[in-house]
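To be precise, the following lines are structure-v7.cif, and they hold mmCIF, C-alpha atoms.
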data_entry
loop_
_atom_site.label_atom_id
_atom_site.label_comp_id
_atom_site.auth_asym_id
_atom_site.auth_seq_id
_atom_site.Cartn_x
_atom_site.Cartn_y
_atom_site.Cartn_z
CA MET A 151 -48.84 -18.74 56.20
CA LYS A 152 -47.29 -21.80 54.59
CA VAL A 153 -50.31 -22.15 52.26
CA MET A 154 -49.95 -18.47 51.31
CA LYS A 155 -46.28 -18.96 50.43
CA ILE A 156 -47.03 -22.01 48.29
CA SER A 157 -49.87 -20.16 46.53
CA VAL A 158 -47.63 -17.16 45.75
CA SER A 159 -44.91 -19.48 44.42
CA VAL A 160 -47.38 -21.31 42.17
CA VAL A 161 -48.74 -18.04 40.82
CA LEU A 162 -45.22 -16.75 40.19
CA VAL A 163 -44.18 -19.93 38.36
CA PHE A 164 -47.34 -19.74 36.25
CA ALA A 165 -46.78 -16.07 35.41
CA VAL A 166 -43.16 -16.71 34.34
CA SER A 167 -44.26 -19.68 32.18
CA VAL A 168 -46.89 -17.57 30.42
CA LEU A 169 -44.33 -14.81 29.85
CA MET A 170 -41.76 -17.25 28.45
CA SER A 171 -44.22 -18.85 26.06
CA PHE A 172 -45.16 -15.37 24.81
CA VAL A 173 -41.51 -14.51 24.18
CA ASN A 174 -40.98 -17.80 22.33
CA GLN A 175 -43.96 -17.09 20.12
CA ASN A 176 -42.31 -13.86 19.05
CA ALA A 177 -39.13 -15.72 18.27
CA TRP A 178 -38.64 -17.22 14.78
CA SER A 179 -42.07 -18.82 14.46
CA ALA A 180 -40.82 -20.33 11.26
CA ASP A 181 -43.18 -23.08 10.38
CA THR A 182 -46.38 -21.27 11.21
CA GLN A 183 -46.69 -18.08 9.21
CA ASN A 184 -43.21 -16.99 8.11
CA TYR A 185 -43.30 -17.50 4.34
CA CYS A 186 -39.65 -16.39 3.99
CA PHE A 187 -38.64 -19.35 6.10
CA THR A 188 -40.99 -21.93 4.60
CA CYS A 189 -39.94 -21.04 1.07
CA HIS A 190 -36.18 -20.52 1.60
CA THR A 191 -35.82 -23.81 3.48
CA ASP A 192 -37.54 -25.79 0.72
CA ALA A 193 -35.16 -26.61 -2.14
CA LYS A 194 -37.99 -27.70 -4.47
CA THR A 195 -39.80 -24.37 -4.16
CA LEU A 196 -36.55 -22.47 -4.64
CA ILE A 197 -35.71 -24.44 -7.78
CA LYS A 198 -39.19 -23.71 -9.17
CA ILE A 199 -38.95 -19.99 -8.43
CA THR A 200 -35.37 -19.55 -9.66
CA ARG A 201 -36.40 -21.30 -12.92
CA GLU A 202 -39.31 -18.88 -13.26
CA ILE A 203 -36.91 -15.97 -12.77
CA ALA A 204 -34.44 -17.40 -15.29
CA ALA A 205 -37.24 -17.85 -17.83
CA ALA A 206 -38.39 -14.27 -17.27
CA ASN A 207 -34.83 -13.03 -17.86
CA LYS A 208 -34.35 -15.13 -21.00
CA GLY A 209 -33.50 -12.99 -23.99
CA LYS A 210 -31.77 -10.32 -21.98
CA THR A 211 -28.32 -9.92 -23.50
CA ALA A 212 -25.43 -10.93 -21.34
CA ALA A 213 -22.87 -8.32 -20.33
CA ALA A 214 -19.60 -8.15 -22.24
CA GLU A 215 -17.07 -10.56 -20.82
CA SER A 216 -14.23 -9.08 -18.83
CA GLU A 217 -10.81 -10.27 -19.95
CA GLY A 218 -7.81 -11.09 -17.84
CA GLU A 219 -7.37 -11.36 -14.10
CA GLY A 220 -9.05 -8.84 -11.87
CA MET B 103 -14.25 -22.14 -6.20
CA GLU B 104 -17.29 -24.21 -7.15
CA PRO B 105 -20.10 -22.01 -8.47
CA LEU B 106 -23.51 -22.34 -6.81
CA ALA B 107 -26.76 -23.12 -8.63
CA PRO B 108 -29.29 -20.25 -8.38
CA HIS B 109 -31.41 -22.07 -5.77
CA GLU B 110 -28.33 -23.00 -3.71
CA LYS B 111 -27.46 -19.34 -3.37
CA LEU B 112 -30.77 -18.73 -1.60
CA PHE B 113 -31.26 -21.91 0.38
CA VAL B 114 -31.61 -21.38 4.14
CA ASP B 115 -30.74 -24.18 6.54
CA SER B 116 -33.63 -24.64 8.97
CA GLU B 117 -31.04 -25.20 11.72
CA ILE B 118 -30.78 -21.42 11.91
CA VAL B 119 -33.67 -21.44 14.39
CA GLU B 120 -31.33 -23.21 16.80
CA ASP B 121 -28.86 -20.30 16.69
CA GLU B 122 -29.62 -18.87 20.10
CA ASN B 123 -28.71 -15.34 19.04
CA HIS B 124 -29.55 -14.84 15.39
CA GLY B 125 -32.21 -17.53 15.22
CA GLU B 126 -34.58 -15.44 17.27
CA LEU B 127 -34.63 -12.66 14.69
CA GLY B 128 -37.32 -12.73 12.04
CA CYS B 129 -36.12 -12.53 8.42
CA ASP B 130 -37.87 -9.21 7.88
CA GLU B 131 -36.22 -7.62 10.91
CA CYS B 132 -32.99 -7.39 8.90
CA HIS B 133 -34.09 -7.82 5.29
CA GLY B 134 -37.43 -6.00 5.23
CA GLY B 135 -40.10 -7.34 2.85
CA ASN B 136 -43.25 -9.03 4.05
CA SER B 137 -42.83 -12.44 5.65
CA ALA B 138 -46.62 -12.91 5.98
CA GLU B 139 -47.21 -12.60 2.23
CA PRO B 140 -47.45 -15.96 0.41
CA ASP B 141 -46.82 -14.51 -3.09
CA TRP B 142 -43.03 -14.39 -3.40
CA ARG B 143 -43.09 -11.39 -5.75
CA LYS B 144 -45.09 -9.25 -3.31
CA ALA B 145 -43.20 -10.65 -0.30
CA HIS B 146 -39.92 -9.41 -1.78
CA GLU B 147 -41.06 -5.81 -2.29
CA GLY B 148 -38.64 -3.66 -0.32
CA VAL B 149 -36.28 -6.54 0.50
CA VAL B 150 -32.69 -5.56 1.20
CA LYS B 151 -30.33 -8.30 0.05
CA ASP B 152 -27.40 -7.25 2.24
CA PRO B 153 -28.70 -5.28 5.22
CA SER B 154 -25.15 -4.84 6.53
CA TYR B 155 -23.99 -2.69 3.60
CA PRO B 156 -23.18 0.17 3.49
CA ASP B 157 -24.10 0.75 7.14
CA ALA B 158 -24.44 -2.14 9.57
CA SER B 159 -25.24 -0.05 12.64
CA GLU B 160 -29.02 -0.75 12.56
CA THR B 161 -28.65 -4.49 11.93
CA CYS B 162 -25.43 -6.18 13.10
CA GLY B 163 -24.62 -3.08 15.12
CA SER B 164 -27.70 -3.43 17.30
CA CYS B 165 -25.75 -6.14 19.19
CA HIS B 166 -22.17 -5.85 17.84
CA GLU B 167 -22.10 -2.10 18.36
CA GLU B 168 -18.34 -1.52 18.56
CA ILE B 169 -17.52 -3.75 15.60
CA ALA B 170 -20.15 -2.11 13.40
CA GLU B 171 -18.87 1.33 14.36
CA ASN B 172 -15.23 0.44 13.64
CA TYR B 173 -16.18 -1.31 10.43
CA LYS B 174 -17.14 2.04 8.92
CA THR B 175 -13.41 2.63 8.45
CA SER B 176 -12.42 -0.91 7.48
CA LEU B 177 -10.74 -0.99 4.08
CA HIS B 178 -12.99 -3.89 3.09
CA ASN B 179 -15.90 -1.51 3.48
CA THR B 180 -14.50 1.83 2.32
CA LEU B 181 -11.81 0.89 -0.22
CA SER B 182 -10.66 4.42 0.58
CA PRO B 183 -7.08 4.03 -0.70
CA PHE B 184 -8.49 3.42 -4.20
CA LYS B 185 -10.27 6.74 -4.00
CA LYS B 186 -7.20 8.59 -2.70
CA MET B 187 -4.78 7.06 -5.19
CA VAL B 188 -7.03 7.63 -8.19
CA ALA B 189 -7.72 11.20 -7.01
CA MET B 190 -3.98 11.90 -6.76
CA ARG B 191 -3.38 10.63 -10.29
CA ALA B 192 -6.52 12.22 -11.80
CA ASN B 193 -6.69 15.23 -14.05
CA SER B 194 -7.06 18.42 -12.00
CA ASP B 195 -9.82 19.71 -14.29
CA LYS B 196 -12.87 19.21 -12.10
CA HIS B 197 -15.13 17.95 -14.93
CA VAL B 198 -12.60 15.33 -16.02
CA HIS B 199 -11.88 14.48 -12.38
CA ALA B 200 -15.60 13.91 -11.79
CA LYS B 201 -15.79 11.50 -14.76
CA VAL B 202 -12.81 9.53 -13.48
CA ASP B 203 -14.23 9.43 -9.97
CA ALA B 204 -17.59 8.16 -11.23
CA ALA B 205 -15.81 5.44 -13.24
CA ARG B 206 -13.77 4.44 -10.18
CA GLU B 207 -16.93 4.28 -8.11
CA GLY B 208 -18.67 2.09 -10.70
CA HIS B 209 -15.80 -0.28 -11.41
CA CYS B 210 -13.47 -0.37 -8.42
CA THR B 211 -15.94 0.04 -5.55
CA SER B 212 -17.94 -3.02 -6.57
CA CYS B 213 -15.24 -5.12 -4.88
CA HIS B 214 -16.18 -4.02 -1.36
CA SER B 215 -17.25 -6.41 1.35
CA SER B 216 -19.47 -6.16 4.42
CA CYS B 217 -20.34 -8.05 7.62
CA GLY B 218 -22.83 -10.14 5.67
CA GLN B 219 -20.57 -10.76 2.69
CA CYS B 220 -17.95 -12.36 4.94
CA HIS B 221 -19.97 -14.07 7.67
CA ILE B 222 -23.21 -15.02 5.87
CA SER B 223 -22.68 -15.10 2.10
CA ARG B 224 -19.98 -15.17 -0.51
CA PRO B 225 -19.10 -11.62 -1.58
CA GLU B 226 -21.39 -10.13 -4.22
CA SER B 227 -18.43 -9.30 -6.44
CA VAL B 228 -17.91 -13.04 -6.99
CA GLY B 229 -21.57 -13.84 -7.52
CA GLY B 230 -22.79 -14.04 -3.92
CA GLY B 231 -24.71 -17.01 -2.51
CA LEU B 232 -25.36 -17.99 1.10
CA LEU B 233 -22.61 -19.79 3.03
CA GLU B 234 -23.89 -22.91 4.78
CA GLY B 235 -27.53 -21.93 4.31
CA HIS B 236 -27.34 -18.59 6.14
CA LEU B 237 -25.80 -20.17 9.26
CA PHE B 238 -23.59 -17.41 10.64
CA GLN B 239 -19.88 -18.19 10.17
CA LYS B 240 -17.80 -16.76 13.01
CA ARG B 241 -14.66 -17.30 10.93
CA PRO B 242 -15.27 -16.62 7.24
CA PRO B 243 -14.19 -19.66 5.19
CA MET B 244 -10.95 -19.03 3.32
CA GLN B 245 -11.73 -20.30 -0.15
CA THR B 246 -15.30 -19.13 -0.53
CA VAL B 247 -14.76 -15.73 1.04
CA CYS B 248 -11.13 -14.52 1.38
CA THR B 249 -9.55 -15.96 -1.73
CA ALA B 250 -12.80 -15.64 -3.66
CA CYS B 251 -11.84 -11.95 -3.94
CA HIS B 252 -8.11 -12.09 -3.21
CA GLY B 253 -7.68 -14.97 -5.62
CA SER B 254 -5.73 -13.92 -8.70
CA ARG B 255 -2.64 -12.96 -6.77
CA ILE B 256 -2.76 -13.82 -3.05
CA GLY B 257 -4.91 -16.94 -3.36
CA LYS B 258 -2.86 -18.51 -6.13
CA GLU B 259 0.38 -17.69 -4.36
CA TYR B 260 -0.76 -19.03 -1.03
CA LEU B 261 -2.33 -22.20 -2.37
CA GLY B 262 0.57 -22.96 -4.73
CA GLU B 263 -1.55 -22.61 -7.87
CA ASN B 264 1.08 -20.70 -9.86
CA GLU B 265 2.64 -23.37 -12.06
CA GLY B 266 6.12 -24.32 -10.97
CA PHE B 267 5.89 -22.73 -7.53
CA LYS B 268 5.22 -24.21 -4.15
CA PRO B 269 2.44 -23.11 -1.80
CA ASP B 270 3.20 -20.82 1.10
CA VAL B 271 4.86 -22.73 3.94
CA HIS B 272 2.11 -21.50 6.28
CA LYS B 273 -0.51 -23.11 4.06
CA GLU B 274 1.31 -26.39 4.44
CA LYS B 275 0.89 -25.94 8.18
CA TYR B 276 -2.86 -25.62 7.56
CA PHE B 277 -3.01 -21.93 8.45
CA LYS B 278 -6.14 -20.20 7.29
CA CYS B 279 -6.08 -16.47 6.51
CA ASN B 280 -7.43 -15.58 9.94
CA LYS B 281 -4.44 -17.14 11.68
CA CYS B 282 -2.48 -13.98 10.75
CA HIS B 283 -5.27 -11.59 9.74
CA THR B 284 -7.23 -11.35 12.95
CA ALA B 285 -10.81 -10.18 13.40
CA ASP B 286 -9.48 -6.97 14.97
CA GLU B 287 -7.56 -6.20 11.80
CA MET B 288 -10.44 -7.13 9.50
CA HIS B 289 -13.06 -5.19 11.44
CA GLY B 290 -11.07 -1.94 11.39
CA SER B 291 -9.97 0.25 14.22
CA GLY B 292 -12.26 3.21 13.70
CA GLN B 293 -9.38 5.18 12.23
CA GLU B 294 -8.85 6.02 8.57
CA CYS B 295 -5.93 4.22 6.91
CA ALA B 296 -3.74 5.53 4.11
CA ASN B 297 -3.27 2.04 2.69
CA ARG B 298 -3.37 -1.63 3.70
CA TYR B 299 0.04 -1.39 5.34
CA ASP B 300 -1.25 1.39 7.56
CA VAL B 301 -3.93 -0.84 9.13
CA LYS B 302 -3.65 -1.11 12.89
CA ASN B 303 -3.18 -4.70 14.09
CA GLY B 304 -1.91 -5.85 10.71
CA PRO B 305 0.26 -8.96 10.96
CA LYS B 306 4.04 -8.84 11.14
CA CYS B 307 6.29 -11.88 10.65
CA ALA B 308 8.03 -11.07 13.93
CA ASP B 309 4.74 -11.48 15.82
CA CYS B 310 5.46 -15.22 15.67
CA HIS B 311 9.08 -15.40 14.51
CA ASN B 312 10.41 -13.18 17.27
CA ALA B 313 13.24 -15.54 18.17
CA ILE B 314 15.15 -15.26 14.87
CA TYR B 315 17.55 -12.69 16.31
CA ASP B 316 18.38 -14.69 19.45
CA ALA B 317 22.07 -15.51 19.74
CA LYS B 318 21.38 -19.23 19.62
CA ALA B 319 18.87 -19.07 16.78
CA GLU B 320 19.69 -20.85 13.56
CA ASN B 321 20.77 -18.27 10.99
CA ALA B 322 20.77 -15.48 13.60
CA LYS B 323 23.80 -13.84 11.96
CA ASN B 324 22.12 -13.53 8.57
CA HIS B 325 18.99 -12.17 10.15
CA TRP B 326 20.99 -9.56 12.09
CA ILE B 327 22.98 -8.49 9.00
CA HIS B 328 19.82 -7.87 6.99
CA LYS B 329 17.65 -6.52 9.82
CA ASP B 330 15.97 -3.24 8.80
CA GLN B 331 17.79 -3.40 5.46
CA VAL B 332 15.58 -5.81 3.54
CA SER B 333 12.03 -6.96 4.17
CA CYS B 334 11.38 -10.61 5.08
CA ASN B 335 9.77 -11.11 1.65
CA VAL B 336 12.96 -10.16 -0.18
CA CYS B 337 14.62 -13.34 1.07
CA HIS B 338 11.63 -15.59 1.59
CA SER B 339 9.15 -14.95 -1.28
CA GLN B 340 8.93 -16.89 -4.49
CA GLN B 341 7.92 -15.31 -7.81
CA TYR B 342 4.52 -13.64 -7.85
CA LYS B 343 2.06 -12.16 -10.31
CA ASN B 344 2.36 -8.68 -11.76
CA CYS B 345 -0.64 -7.18 -13.53
CA TYR B 346 -0.62 -4.72 -16.41
CA SER B 347 -2.95 -2.31 -18.15
CA CYS B 348 -6.36 -2.66 -16.60
CA HIS B 349 -8.73 -0.75 -18.89
CA VAL B 350 -12.35 -0.33 -17.87
CA GLY B 351 -15.40 0.46 -20.00
CA LYS B 352 -19.03 -0.32 -20.81
CA ASP B 353 -20.47 -2.55 -23.51
CA LYS B 354 -23.32 -1.55 -25.84
CA ASN B 355 -25.88 -2.49 -23.18
CA GLY B 356 -24.22 -0.30 -20.58
CA SER B 357 -22.70 -3.19 -18.61
CA GLU B 358 -19.30 -2.58 -17.10
CA PHE B 359 -16.27 -4.69 -17.96
CA PHE B 360 -12.50 -4.64 -17.59
CA LYS B 361 -9.62 -5.91 -19.68
CA THR B 362 -6.12 -6.51 -18.41
CA ALA B 363 -3.09 -7.01 -20.61
CA GLY B 364 -1.55 -9.94 -18.79
CA SER B 365 -0.31 -11.21 -15.45
CA PRO B 366 3.23 -12.53 -15.82
CA LEU B 367 5.10 -14.03 -12.89
CA GLY B 368 8.20 -12.24 -11.70
CA PHE B 369 10.22 -11.14 -8.71
CA LYS B 370 11.65 -7.67 -8.25
CA ILE B 371 13.31 -5.91 -5.37
CA GLY B 372 12.75 -2.16 -5.31
CA LEU B 373 13.39 0.76 -3.01
CA ASN B 374 10.80 0.93 -0.25
CA PRO B 375 8.17 3.50 -1.29
CA LEU B 376 6.52 3.38 2.15
CA LYS B 377 9.56 3.69 4.40
CA SER B 378 8.51 4.37 7.96
CA LYS B 379 9.38 3.60 11.56
CA GLU B 380 7.37 0.39 11.27
CA ARG B 381 8.82 -0.46 7.84
CA PRO B 382 12.38 0.86 7.91
CA GLU B 383 13.79 -1.50 5.25
CA SER B 384 15.47 0.05 2.21
CA PHE B 385 14.77 -2.92 -0.06
CA VAL B 386 11.35 -4.53 -0.43
CA THR B 387 9.56 -6.71 -2.94
CA VAL B 388 7.61 -4.62 -5.45
CA ARG B 389 4.70 -5.66 -7.66
CA HIS B 390 3.38 -4.01 -10.81
CA ILE B 391 -0.23 -2.99 -10.25
CA PRO B 392 -2.78 -2.94 -13.08
CA VAL B 393 -3.27 0.83 -13.42
CA ASP B 394 -1.81 2.74 -16.37
CA LYS B 395 -2.32 6.16 -17.91
CA ASP B 396 -5.25 4.95 -20.02
CA THR B 397 -7.13 2.94 -17.39
CA PHE B 398 -10.12 5.33 -17.54
CA LYS B 399 -9.69 6.36 -21.22
CA TYR B 400 -13.20 5.10 -22.09
CA TYR B 401 -14.67 7.66 -19.68
CA ALA B 402 -12.32 10.63 -20.01
CA LYS B 403 -9.48 11.69 -22.27
CA ASN B 404 -6.32 12.21 -20.26
CA GLY B 405 -8.24 11.19 -17.13
CA LEU B 406 -5.10 10.30 -15.20
CA ALA B 407 -3.13 13.39 -16.20
CA ASN B 408 -1.15 13.25 -12.96
CA PHE B 409 -0.28 9.61 -13.35
CA ASP B 410 3.39 10.28 -12.53
CA LYS B 411 2.60 11.34 -8.97
CA LEU B 412 2.57 7.75 -7.74
CA PRO B 413 4.49 4.62 -8.70
CA ASN B 414 2.73 1.66 -10.28
CA TRP B 415 5.42 -0.67 -8.95
CA LYS B 416 4.27 -0.89 -5.35
CA LEU B 417 5.38 -2.41 -2.07
CA THR B 418 4.02 -5.93 -1.89
CA THR B 419 4.06 -8.80 0.57
CA PRO B 420 3.61 -11.92 -1.55
CA HIS B 421 1.90 -14.80 0.22
CA ASN B 422 4.19 -17.57 -0.98
CA ILE B 423 6.79 -17.68 1.77
CA ARG B 424 9.40 -20.44 1.83
CA ARG B 425 12.30 -20.93 4.17
CA GLN B 426 14.62 -21.48 1.23
CA THR B 427 14.26 -19.59 -2.05
CA PRO B 428 16.48 -19.16 -5.12
CA GLN B 429 17.62 -15.72 -3.91
CA ASN B 430 18.63 -16.79 -0.38
CA LYS B 431 20.48 -19.98 -1.29
CA THR B 432 23.89 -18.30 -1.02
CA CYS B 433 25.05 -14.72 -0.46
CA ASN B 434 25.75 -14.25 -4.16
CA SER B 435 22.38 -15.60 -5.18
CA CYS B 436 21.27 -12.07 -4.38
CA HIS B 437 24.41 -9.95 -4.01
CA GLY B 438 25.55 -8.84 -7.43
CA ASN B 439 22.49 -10.46 -9.06
CA ASP B 440 21.22 -7.35 -10.87
CA LYS B 441 18.31 -9.23 -12.44
CA LEU B 442 16.52 -9.40 -9.11
CA PHE B 443 16.42 -5.62 -8.74
CA LEU B 444 13.97 -3.26 -10.40
CA GLN B 445 15.97 -1.24 -12.86
CA LYS B 446 15.17 1.40 -15.48
CA LYS B 447 15.21 -1.26 -18.18
CA ASP B 448 12.37 -3.12 -16.39
CA VAL B 449 10.06 -0.11 -16.50
CA THR B 450 8.26 1.14 -19.61
CA LYS B 451 9.48 4.53 -20.80
CA SER B 452 6.13 6.18 -20.04
CA ASP B 453 6.26 4.91 -16.42
CA LEU B 454 9.83 5.92 -15.60
CA LYS B 455 8.93 9.20 -13.92
CA ALA B 456 6.19 7.61 -11.81
CA ASN B 457 8.57 4.94 -10.54
CA LYS B 458 11.73 7.00 -10.08
CA ASP B 459 11.72 6.51 -6.29
CA VAL B 460 11.26 2.74 -6.51
CA ILE B 461 13.82 1.93 -9.21
CA VAL B 462 17.11 0.74 -7.72
CA PRO B 463 20.12 2.66 -9.12
CA LEU B 464 22.84 0.26 -10.32
CA GLU B 465 25.37 1.72 -7.90
CA ILE B 466 23.41 0.72 -4.81
CA ILE B 467 22.71 -2.88 -5.80
CA PRO B 468 24.69 -4.92 -3.23
CA LYS B 469 27.98 -6.03 -4.76
CA LYS B 470 29.09 -9.62 -5.16
CA ARG B 471 30.90 -10.91 -2.07
#
Have the structure of the file written as structure tokens, please.
Amino acid sequence: MKVMKISVSVVLVFAVSVLMSFVNQNAWSADTQNYCFTCHTDAKTLIKITREIAAANKGKTAAAESEGEG
Amino acid sequence: MEPLAPHEKLFVDSEIVEDENHGELGCDECHGGNSAEPDWRKAHEGVVKDPSYPDASETCGSCHEEIAENYKTSLHNTLSPFKKMVAMRANSDKHVHAKVDAAREGHCTSCHSSCGQCHISRPESVGGGLLEGHLFQKRPPMQTVCTACHGSRIGKEYLGENEGFKPDVHKEKYFKCNKCHTADEMHGSGQECANRYDVKNGPKCADCHNAIYDAKAENAKNHWIHKDQVSCNVCHSQQYKNCYSCHVGKDKNGSEFFKTAGSPLGFKIGLNPLKSKERPESFVTVRHIPVDKDTFKYYAKNGLANFDKLPNWKLTTPHNIRRQTPQNKTCNSCHGNDKLFLQKKDVTKSDLKANKDVIVPLEIIPKKR
């Protein structure tokens, strides 16, 4: 009976561990395949992309300046 | 406020994964887009920059259900008094009214805020940009959020940035905005409000200074004499900004702009236009607001045909409180000092009718003692 109890406990602990690791995988698995995270946490990449965007927008006329306090 | 470089506006602090609540959400769960796509252009297809505006119920509201529900009526979200006030002043011709309403929507509504634009980023109306790399800020920082929008008047008053005037005494005690303006007030109550003074849970001086009427309190007599007669600001505010003639329009590229005539400092006591059980005082500080008859002239001729229905000198609660001010130095600093009171001569001829209930008739200005 004692052996049975120990076996059930071990199985339960194992099952919970597997479940927990599955949940954690679903959590923000940033550095594996989330490109939002890898890019937005890397200043160098952001500088490169924002420069590309600025270059693409070059030549677009700026909006008229507002005057006075809003 | 220091401007942010383009990349700084978008930089995410990797510590966000340690946020036990929000860190477990994937970016695309709130913002959409495709987090598995390595090409940034394709990854951003369908991305929502601020998933909490205009409706936060599917994002923030999935956990903060009550707050997101109440926030639907928060003035930061709806700006509903703008709509009501402009509608009351607008031309009753429905075509002209529609043009004015569209202009209001384009110009005035851009100053809204949202859950995200207080707790995650600077407000869009001041250029946006993530606060602390997208780490959620339980208390929005004062100078990059609150006074980023409420800067020209409230911010400068509170911080003592109007030349020749001291900061608010509460600022000197290191109070941030949220010391008085609680989350409950900011998040809304779920009920529509006529104006900012109608907001449930709004701060009142007496919430803290409730002992000023006690028999043993310093100055108790003066506080009793003026109780319900004058607002706290009448005695304790310094000069504040008044704004004139905000005219809105579009440039040749279709971009919206505004022009205001000027923002001179001044101090005027007027008759309380919002007298109520909660605000029974007869005399209050009044501020000139930027609207005039031609504010929407670019969009519609005679757009504000009913301009006279509402005053453009309005009840105000300047945020530059001092214990001692020029007008409370002695009794006669105020009594018999006509210059402090809003009179006909202070109002432009075309605005006299609109402000008739706020202008103080000479005969009721308290006499010299």
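Among A:Lys208, A:Phe164, A:Val153, A:Ile203, the residue with the shortest atom-to-atom distance to chain B, counting only C-alpha atoms, is A:Ile203.
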Within 9 Å of B:Asp115, counting all atoms listed in the file, which residues show up once you throw out same-chain ones fewer than 2 positions away? Write them as an mmCIF file with C-alpha atoms, keeping the file's coordinate frame, please.
data_model
loop_
_atom_site.group_PDB
_atom_site.id
_atom_site.type_symbol
_atom_site.label_atom_id
_atom_site.label_comp_id
_atom_site.auth_asym_id
_atom_site.auth_seq_id
_atom_site.Cartn_x
_atom_site.Cartn_y
_atom_site.Cartn_z
ATOM 1 C CA HIS A 190 -36.180 -20.520 1.600
ATOM 2 C CA THR A 191 -35.820 -23.810 3.480
ATOM 3 C CA PHE B 113 -31.260 -21.910 0.380
ATOM 4 C CA GLU B 117 -31.040 -25.200 11.720
ATOM 5 C CA ILE B 118 -30.780 -21.420 11.910
ATOM 6 C CA VAL B 119 -33.670 -21.440 14.390
ATOM 7 C CA GLU B 234 -23.890 -22.910 4.780
ATOM 8 C CA GLY B 235 -27.530 -21.930 4.310
ATOM 9 C CA HIS B 236 -27.340 -18.590 6.140
ATOM 10 C CA LEU B 237 -25.800 -20.170 9.260
#
For the file shown, what are the residues hit by the PyMOL selection byres ((chain A) within 7 of (chain B)), laid out as a PDB file with C-alpha atoms, in the coordinates of the input?
ATOM      1  CA  ALA A 177     -39.130 -15.720  18.270  1.00  0.00           C
ATOM      2  CA  TRP A 178     -38.640 -17.220  14.780  1.00  0.00           C
ATOM      3  CA  GLN A 183     -46.690 -18.080   9.210  1.00  0.00           C
ATOM      4  CA  ASN A 184     -43.210 -16.990   8.110  1.00  0.00           C
ATOM      5  CA  TYR A 185     -43.300 -17.500   4.340  1.00  0.00           C
ATOM      6  CA  CYS A 186     -39.650 -16.390   3.990  1.00  0.00           C
ATOM      7  CA  HIS A 190     -36.180 -20.520   1.600  1.00  0.00           C
ATOM      8  CA  THR A 191     -35.820 -23.810   3.480  1.00  0.00           C
ATOM      9  CA  ALA A 193     -35.160 -26.610  -2.140  1.00  0.00           C
ATOM     10  CA  LEU A 196     -36.550 -22.470  -4.640  1.00  0.00           C
ATOM     11  CA  ILE A 197     -35.710 -24.440  -7.780  1.00  0.00           C
ATOM     12  CA  THR A 200     -35.370 -19.550  -9.660  1.00  0.00           C
ATOM     13  CA  ALA A 213     -22.870  -8.320 -20.330  1.00  0.00           C
ATOM     14  CA  ALA A 214     -19.600  -8.150 -22.240  1.00  0.00           C
ATOM     15  CA  GLU A 215     -17.070 -10.560 -20.820  1.00  0.00           C
ATOM     16  CA  SER A 216     -14.230  -9.080 -18.830  1.00  0.00           C
ATOM     17  CA  GLU A 217     -10.810 -10.270 -19.950  1.00  0.00           C
ATOM     18  CA  GLY A 218      -7.810 -11.090 -17.840  1.00  0.00           C
ATOM     19  CA  GLU A 219      -7.370 -11.360 -14.100  1.00  0.00           C
ATOM     20  CA  GLY A 220      -9.050  -8.840 -11.870  1.00  0.00           C
TER      21      GLY A 220
END
query = Selected by the PyMOL selection byres ((chain B and resi 329) around 12) in the shown coordinates: which residues, as a list in words?
reply = Ala308, Ile314, Tyr315, Ala322, Lys323, Asn324, His325, Trp326, Ile327, His328, Asp330, Gln331, Val332, Ser333, Cys334, Val336, Cys337, Arg381, Pro382, Glu383, Ser384 and Phe385 of chain B
I need the residues from that last selection saved to file as a CSV table (one decimal), in the coordinates of the input (with C-alpha atoms), if you can.
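See out35.csv below for the written result:
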chain,number,residue,atom,x,y,z
B,308,ALA,CA,8.0,-11.1,13.9
B,314,ILE,CA,15.2,-15.3,14.9
B,315,TYR,CA,17.6,-12.7,16.3
B,322,ALA,CA,20.8,-15.5,13.6
B,323,LYS,CA,23.8,-13.8,12.0
B,324,ASN,CA,22.1,-13.5,8.6
B,325,HIS,CA,19.0,-12.2,10.2
B,326,TRP,CA,21.0,-9.6,12.1
B,327,ILE,CA,23.0,-8.5,9.0
B,328,HIS,CA,19.8,-7.9,7.0
B,330,ASP,CA,16.0,-3.2,8.8
B,331,GLN,CA,17.8,-3.4,5.5
B,332,VAL,CA,15.6,-5.8,3.5
B,333,SER,CA,12.0,-7.0,4.2
B,334,CYS,CA,11.4,-10.6,5.1
B,336,VAL,CA,13.0,-10.2,-0.2
B,337,CYS,CA,14.6,-13.3,1.1
B,381,ARG,CA,8.8,-0.5,7.8
B,382,PRO,CA,12.4,0.9,7.9
B,383,GLU,CA,13.8,-1.5,5.2
B,384,SER,CA,15.5,0.0,2.2
B,385,PHE,CA,14.8,-2.9,-0.1
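Put simply, atom CA of B:Val449 is 11.7 Å away from atom CA of B:Gly372.
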